[in-house]
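Student: Below is the file run_17.tsv, which contains TSV, C-alpha atoms and all ligand atoms.
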```tsv
chain	number	residue	atom	x	y	z
A	1	MET	CA	4.20	14.37	8.20
A	2	LYS	CA	7.88	13.72	8.73
A	3	ILE	CA	8.92	10.13	9.51
A	4	ARG	CA	11.48	10.22	12.32
A	5	SER	CA	11.35	6.56	13.29
A	6	ALA	CA	9.60	3.38	12.20
A	7	SER	CA	9.98	-0.16	13.42
A	8	LEU	CA	8.11	-3.44	13.37
A	9	ILE	CA	6.98	-4.13	16.90
A	10	SER	CA	4.64	-7.10	16.62
A	11	SER	CA	3.31	-9.72	14.21
A	12	ASN	CA	0.19	-11.58	15.33
A	13	ALA	CA	-2.39	-13.99	14.01
A	14	HIS	CA	-5.21	-12.60	16.16
A	15	TYR	CA	-6.47	-9.11	17.05
A	16	LYS	CA	-6.44	-10.06	20.77
A	17	MET	CA	-2.64	-10.35	20.65
A	18	CYS	CA	-2.16	-6.90	19.05
A	19	PRO	CA	-0.78	-3.92	21.06
A	20	GLN	CA	-3.24	-2.78	23.69
A	21	ASP	CA	-2.04	0.77	24.28
A	22	LEU	CA	-4.60	2.34	21.90
A	23	LYS	CA	-2.27	4.64	19.98
A	24	PRO	CA	-4.09	5.87	16.87
A	25	GLU	CA	-3.60	3.43	14.01
A	26	VAL	CA	-3.99	3.40	10.24
A	27	ALA	CA	-4.51	0.04	8.56
A	28	PHE	CA	-3.74	-1.04	5.00
A	29	ILE	CA	-6.05	-3.58	3.40
A	30	GLY	CA	-6.81	-4.81	-0.11
A	31	ARG	CA	-6.62	-7.78	-2.44
A	32	SER	CA	-3.46	-9.86	-2.31
A	33	ASN	CA	-0.65	-8.33	-4.34
A	34	VAL	CA	-2.32	-4.90	-4.62
A	35	GLY	CA	0.81	-3.29	-3.17
A	36	LYS	CA	0.04	-2.81	0.55
A	37	SER	CA	3.51	-3.63	1.82
A	38	SER	CA	5.23	-1.65	-0.96
A	39	LEU	CA	3.15	1.44	-0.22
A	40	MET	CA	3.91	1.21	3.51
A	41	ASN	CA	7.65	0.99	2.82
A	42	VAL	CA	7.51	4.10	0.65
A	43	LEU	CA	5.40	6.03	3.17
A	44	LEU	CA	7.83	5.04	5.93
A	45	GLN	CA	10.91	5.61	3.75
A	46	ARG	CA	12.27	2.14	4.43
A	47	LYS	CA	13.24	-0.31	1.69
A	48	GLN	CA	12.13	-3.60	3.19
A	49	LEU	CA	10.42	-2.91	6.48
A	50	ALA	CA	7.22	-4.54	5.25
A	51	ARG	CA	7.87	-7.64	3.15
A	52	VAL	CA	7.13	-7.33	-0.56
A	53	SER	CA	6.77	-10.17	-3.03
A	54	LYS	CA	5.78	-10.86	-6.65
A	55	MET	CA	3.84	-13.85	-5.33
A	56	PRO	CA	0.51	-12.94	-3.70
A	57	GLY	CA	0.05	-14.02	-0.08
A	58	LYS	CA	3.33	-12.67	1.29
A	59	THR	CA	1.76	-10.94	4.30
A	60	GLU	CA	0.24	-13.62	6.52
A	61	LEU	CA	-0.07	-11.88	9.89
A	62	ILE	CA	-1.18	-8.58	11.42
A	63	HIS	CA	2.01	-6.50	11.52
A	64	HIS	CA	2.17	-3.39	13.74
A	65	PHE	CA	4.77	-0.75	12.87
A	66	LEU	CA	5.34	1.93	15.47
A	67	VAL	CA	5.92	5.29	13.77
A	68	ASN	CA	7.45	8.36	15.49
A	69	ASP	CA	6.65	6.63	18.83
A	70	GLN	CA	3.10	7.96	18.36
A	71	ILE	CA	1.05	5.99	15.86
A	72	TYR	CA	0.75	2.53	14.36
A	73	PHE	CA	0.78	1.59	10.70
A	74	VAL	CA	-0.73	-1.88	10.28
A	75	ASP	CA	0.04	-4.25	7.40
A	76	LEU	CA	-2.51	-7.03	6.94
A	77	PRO	CA	-2.96	-10.13	4.80
A	78	GLY	CA	-4.71	-9.59	1.48
A	79	TYR	CA	-8.20	-10.86	0.71
A	80	GLY	CA	-9.67	-12.62	-2.29
A	81	TRP	CA	-6.71	-14.70	-3.35
A	82	ALA	CA	-8.02	-18.14	-4.30
A	83	GLN	CA	-4.70	-19.91	-4.87
A	84	VAL	CA	-3.80	-20.23	-1.19
A	85	GLY	CA	-6.58	-22.77	-0.75
A	86	HIS	CA	-10.02	-22.30	0.73
A	87	ALA	CA	-9.07	-22.91	4.39
A	88	THR	CA	-6.20	-20.39	4.40
A	89	LYS	CA	-8.26	-17.83	2.50
A	90	MET	CA	-11.08	-18.14	5.05
A	91	LYS	CA	-8.61	-17.93	7.95
A	92	TRP	CA	-7.01	-14.70	6.63
A	93	GLU	CA	-10.34	-13.08	5.83
A	94	LYS	CA	-11.67	-13.90	9.30
A	95	MET	CA	-8.47	-12.51	10.87
A	96	LEU	CA	-8.93	-9.33	8.86
A	97	ARG	CA	-12.65	-8.89	9.62
A	98	GLU	CA	-12.18	-9.52	13.34
A	99	TYR	CA	-9.25	-7.14	13.50
A	100	LEU	CA	-11.26	-4.38	11.78
A	101	LEU	CA	-14.23	-4.87	14.10
A	102	HIS	CA	-12.26	-4.93	17.36
A	103	ARG	CA	-9.76	-2.09	17.18
A	104	PRO	CA	-11.41	1.10	18.44
A	105	ASN	CA	-8.17	3.00	17.89
A	106	ILE	CA	-8.33	2.64	14.07
A	107	VAL	CA	-8.60	6.18	12.72
A	108	THR	CA	-8.57	5.25	9.03
A	109	VAL	CA	-8.49	2.08	6.99
A	110	PHE	CA	-6.76	2.57	3.65
A	111	LEU	CA	-8.47	0.26	1.18
A	112	LEU	CA	-6.05	-0.29	-1.69
A	113	ILE	CA	-7.33	-0.97	-5.20
A	114	ASP	CA	-5.10	-1.77	-8.19
A	115	ALA	CA	-5.47	1.13	-10.67
A	116	LYS	CA	-4.17	-1.06	-13.53
A	117	ILE	CA	-7.18	-3.37	-13.55
A	118	PRO	CA	-10.95	-2.79	-13.69
A	119	LEU	CA	-12.78	-2.44	-10.38
A	120	GLN	CA	-13.42	-5.89	-8.88
A	121	ALA	CA	-16.68	-7.00	-7.26
A	122	ILE	CA	-14.79	-8.04	-4.11
A	123	ASP	CA	-13.47	-4.48	-3.66
A	124	LEU	CA	-17.00	-3.07	-3.89
A	125	GLU	CA	-18.13	-5.67	-1.35
A	126	CYS	CA	-15.34	-4.58	0.96
A	127	ILE	CA	-16.34	-0.90	0.60
A	128	SER	CA	-19.97	-1.76	1.47
A	129	TRP	CA	-18.86	-3.85	4.44
A	130	LEU	CA	-16.75	-0.99	5.84
A	131	GLY	CA	-19.68	1.39	5.37
A	132	GLN	CA	-22.11	-1.01	6.98
A	133	HIS	CA	-19.88	-1.28	10.05
A	134	GLN	CA	-19.15	2.47	10.11
A	135	ILE	CA	-15.42	1.95	9.91
A	136	PRO	CA	-13.70	5.14	8.67
A	137	PHE	CA	-11.88	4.50	5.41
A	138	ALA	CA	-10.16	6.09	2.43
A	139	ILE	CA	-9.52	4.51	-0.96
A	140	VAL	CA	-6.04	4.30	-2.49
A	141	LEU	CA	-5.58	3.50	-6.17
A	142	THR	CA	-2.18	1.83	-6.40
A	143	LYS	CA	0.36	1.21	-9.18
A	144	ALA	CA	-0.65	4.40	-11.00
A	145	ASP	CA	2.85	4.60	-12.51
A	146	LYS	CA	3.57	6.86	-15.49
A	147	LYS	CA	3.17	4.09	-18.02
A	148	HIS	CA	-0.26	3.16	-16.61
A	149	LYS	CA	-1.50	6.76	-16.40
A	150	MET	CA	-4.28	6.52	-19.01
A	151	VAL	CA	-5.70	3.26	-17.75
A	152	ALA	CA	-5.46	4.44	-14.13
A	153	GLN	CA	-7.41	7.58	-15.05
A	154	LYS	CA	-10.12	5.47	-16.68
A	155	HIS	CA	-10.43	3.22	-13.62
A	156	TYR	CA	-10.46	6.26	-11.32
A	157	MET	CA	-13.47	7.68	-13.20
A	158	ALA	CA	-15.23	4.30	-13.13
A	159	LEU	CA	-14.66	4.07	-9.37
A	160	ILE	CA	-16.17	7.53	-8.80
A	161	ASP	CA	-19.19	6.58	-10.96
A	162	SER	CA	-19.71	3.41	-9.02
A	163	LEU	CA	-19.35	5.05	-5.59
A	164	GLN	CA	-21.76	7.84	-6.50
A	165	GLN	CA	-24.51	5.26	-6.92
A	166	ASP	CA	-24.33	4.30	-3.23
A	167	TRP	CA	-22.74	7.20	-1.35
A	168	ALA	CA	-23.97	10.74	-0.82
A	169	THR	CA	-20.46	11.85	0.11
A	170	LEU	CA	-17.44	10.12	-1.31
A	171	PRO	CA	-14.59	8.87	0.86
A	172	PRO	CA	-11.16	10.45	0.30
A	173	ILE	CA	-9.45	8.88	-2.74
A	174	PHE	CA	-5.69	8.88	-3.25
A	175	VAL	CA	-3.92	7.92	-6.46
A	176	VAL	CA	-0.41	6.62	-5.76
A	177	SER	CA	2.61	4.81	-7.11
A	178	ALA	CA	5.15	3.14	-4.84
A	179	HIS	CA	7.54	3.19	-7.79
A	180	ASN	CA	7.62	6.93	-8.47
A	181	ARG	CA	6.20	8.31	-5.17
A	182	LEU	CA	3.12	9.79	-6.86
A	183	GLY	CA	0.60	10.84	-4.19
A	184	ILE	CA	2.85	9.90	-1.24
A	185	GLU	CA	3.16	13.39	0.30
A	186	LYS	CA	-0.60	13.85	0.07
A	187	MET	CA	-1.19	10.57	1.89
A	188	LEU	CA	1.32	11.48	4.60
A	189	GLY	CA	-0.43	14.84	5.09
A	190	TYR	CA	-3.75	13.04	5.44
A	191	ILE	CA	-2.33	10.54	7.95
A	192	GLU	CA	-0.95	13.41	9.98
A	193	SER	CA	-4.35	15.13	10.01
A	194	VAL	CA	-6.28	12.04	11.14
A	195	THR	CA	-3.79	10.93	13.80
A	196	ARG	CA	-3.12	14.34	15.35
A	197	PRO	CA	-3.81	14.15	19.11
B	201	LIG	P1	0.40	-9.50	-0.13
B	201	LIG	O1	1.09	-9.18	1.14
B	201	LIG	O2	0.96	-10.73	-0.77
B	201	LIG	O3	-1.08	-9.53	-0.04
B	201	LIG	O4	0.75	-8.35	-1.22
B	201	LIG	P2	0.84	-6.77	-1.02
B	201	LIG	O5	-0.49	-6.14	-1.24
B	201	LIG	O6	1.54	-6.43	0.24
B	201	LIG	O7	1.73	-6.34	-2.29
B	201	LIG	P3	3.30	-6.10	-2.35
B	201	LIG	O8	3.65	-4.76	-1.78
B	201	LIG	O9	4.02	-7.28	-1.83
B	201	LIG	O10	3.50	-5.94	-3.92
B	201	LIG	C1	3.05	-6.92	-4.84
B	201	LIG	C2	3.70	-6.70	-6.19
B	201	LIG	O11	3.26	-5.46	-6.76
B	201	LIG	C3	5.23	-6.63	-6.15
B	201	LIG	O12	5.74	-7.29	-7.28
B	201	LIG	C4	5.50	-5.13	-6.22
B	201	LIG	O13	6.76	-4.82	-6.79
B	201	LIG	C5	4.37	-4.65	-7.11
B	201	LIG	N1	4.07	-3.23	-6.85
B	201	LIG	C6	3.81	-2.67	-5.63
B	201	LIG	N2	3.61	-1.34	-5.76
B	201	LIG	C7	3.74	-1.03	-7.07
B	201	LIG	C8	3.65	0.19	-7.83
B	201	LIG	O14	3.42	1.29	-7.32
B	201	LIG	N3	3.81	0.07	-9.18
B	201	LIG	C9	4.03	-1.14	-9.79
B	201	LIG	N4	4.17	-1.14	-11.13
B	201	LIG	N5	4.16	-2.29	-9.12
B	201	LIG	C10	4.01	-2.25	-7.78
B	202	MG	MG	1.97	-7.58	1.89
```
Re-express the file's structure as structure tokens.
Tutor:
Amino acid sequence: MKIRSASLISSNAHYKMCPQDLKPEVAFIGRSNVGKSSLMNVLLQRKQLARVSKMPGKTELIHHFLVNDQIYFVDLPGYGWAQVGHATKMKWEKMLREYLLHRPNIVTVFLLIDAKIPLQAIDLECISWLGQHQIPFAIVLTKADKKHKMVAQKHYMALIDSLQQDWATLPPIFVVSAHNRLGIEKMLGYIESVTRP
């Protein structure tokens, strides 16, 4: 997939305010700081289209990016970050759940998981929740930079083991780095295949 244009067209706190024109959309979700915004910038070949920060909790709204005038890429707040305070955490997680349940034009949710750290219970809960609600998803292991290659490989194998316990067929799994573009072309090819009219 070649990116010809990409721009932020709306930022909303509620799914009801999001664009209503039903273009196919791919959403990026995951724990706070997992690298959602960074990955989107690399996929879209823009340095700071989606806002990146060392501090978790940078993305606070549902951001729609219109790509090639045809599809939406959606950046969402992270889940599972305790430091923002219980009320904010609950508000973001509700926003995220409601969004995922009320957008029939979602063709794939990319669930991002940090390849540098062991698989977290909250990520497995999220995978089960997506399955339970029959929301199509793919898993993306992020931050698999050269220097984390061994540990990323170990966590990749552990993820497969864990998924095989619950799933007869595994979802697509991508291993990426926003720092060295590992896996980026593969992801773009996949996005093109699922959003093709
Ligand atoms: P929130 O919006 O706060 O939930 O975070 P996010 O998931 O959008 O993460 P973001 O893209 O803001 O990145 C968080 C931190 O991870 C930043 O310090 C990034 O530089 C770093 N990061 C993102 N991608 C990579 C990567 O591929 N490799 C490494 N080593 N660091 C990364
Ligand atoms: Mg973000």
Student: I'd like to know which of A:His148, A:Lys36, A:His86, A:Lys94 is closest to ligand LIG 201 (chain B), using only C-alpha atoms and all ligand atoms.
Tutor: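 Using only C-alpha atoms and all ligand atoms, the shortest distance to ligand LIG 201 (chain B) belongs to A:Lys36.
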Student: Show me which residues are within 8 Å of ligand MG 202 (chain B) counting all atoms listed in the file, and format the list as a PDB file with C-alpha atoms, in the coordinates of the input.
Tutor:
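Produced file pocket-v1.pdb, reproduced below:
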```pdb
ATOM      1  CA  SER A  32      -3.460  -9.860  -2.310  1.00  0.00           C
ATOM      2  CA  ASN A  33      -0.650  -8.330  -4.340  1.00  0.00           C
ATOM      3  CA  GLY A  35       0.810  -3.290  -3.170  1.00  0.00           C
ATOM      4  CA  LYS A  36       0.040  -2.810   0.550  1.00  0.00           C
ATOM      5  CA  SER A  37       3.510  -3.630   1.820  1.00  0.00           C
ATOM      6  CA  SER A  38       5.230  -1.650  -0.960  1.00  0.00           C
ATOM      7  CA  ALA A  50       7.220  -4.540   5.250  1.00  0.00           C
ATOM      8  CA  ARG A  51       7.870  -7.640   3.150  1.00  0.00           C
ATOM      9  CA  VAL A  52       7.130  -7.330  -0.560  1.00  0.00           C
ATOM     10  CA  SER A  53       6.770 -10.170  -3.030  1.00  0.00           C
ATOM     11  CA  PRO A  56       0.510 -12.940  -3.700  1.00  0.00           C
ATOM     12  CA  GLY A  57       0.050 -14.020  -0.080  1.00  0.00           C
ATOM     13  CA  LYS A  58       3.330 -12.670   1.290  1.00  0.00           C
ATOM     14  CA  THR A  59       1.760 -10.940   4.300  1.00  0.00           C
ATOM     15  CA  GLU A  60       0.240 -13.620   6.520  1.00  0.00           C
ATOM     16  CA  ASP A  75       0.040  -4.250   7.400  1.00  0.00           C
ATOM     17  CA  LEU A  76      -2.510  -7.030   6.940  1.00  0.00           C
ATOM     18  CA  PRO A  77      -2.960 -10.130   4.800  1.00  0.00           C
ATOM     19  CA  GLY A  78      -4.710  -9.590   1.480  1.00  0.00           C
TER      20      GLY A  78
END
```
Student: If we count all atoms listed in the file and set the cut-off at 12 Å, which residues sit around Thr142 in chain A, ignoring sequence neighbours fewer than 4 positions away in its own chain? Please answer as an MDAnalysis selection string.
Tutor: chainID A and resid 28:31 33:40 110:117 146 148:149 151:153 155:156 173:184
Student: Can you work out which one of A:Glu98, A:Glu185, A:Asp145, A:Asp161 has the shortest atom-to-atom distance to His14 in chain A, counting all atoms listed in the file?
Tutor: A:Glu98
Student: Closest to Ala138 in chain A among A:Pro172, A:Lys154, A:Gly80, A:Ser193, using all atoms listed in the file?
Tutor: A:Pro172
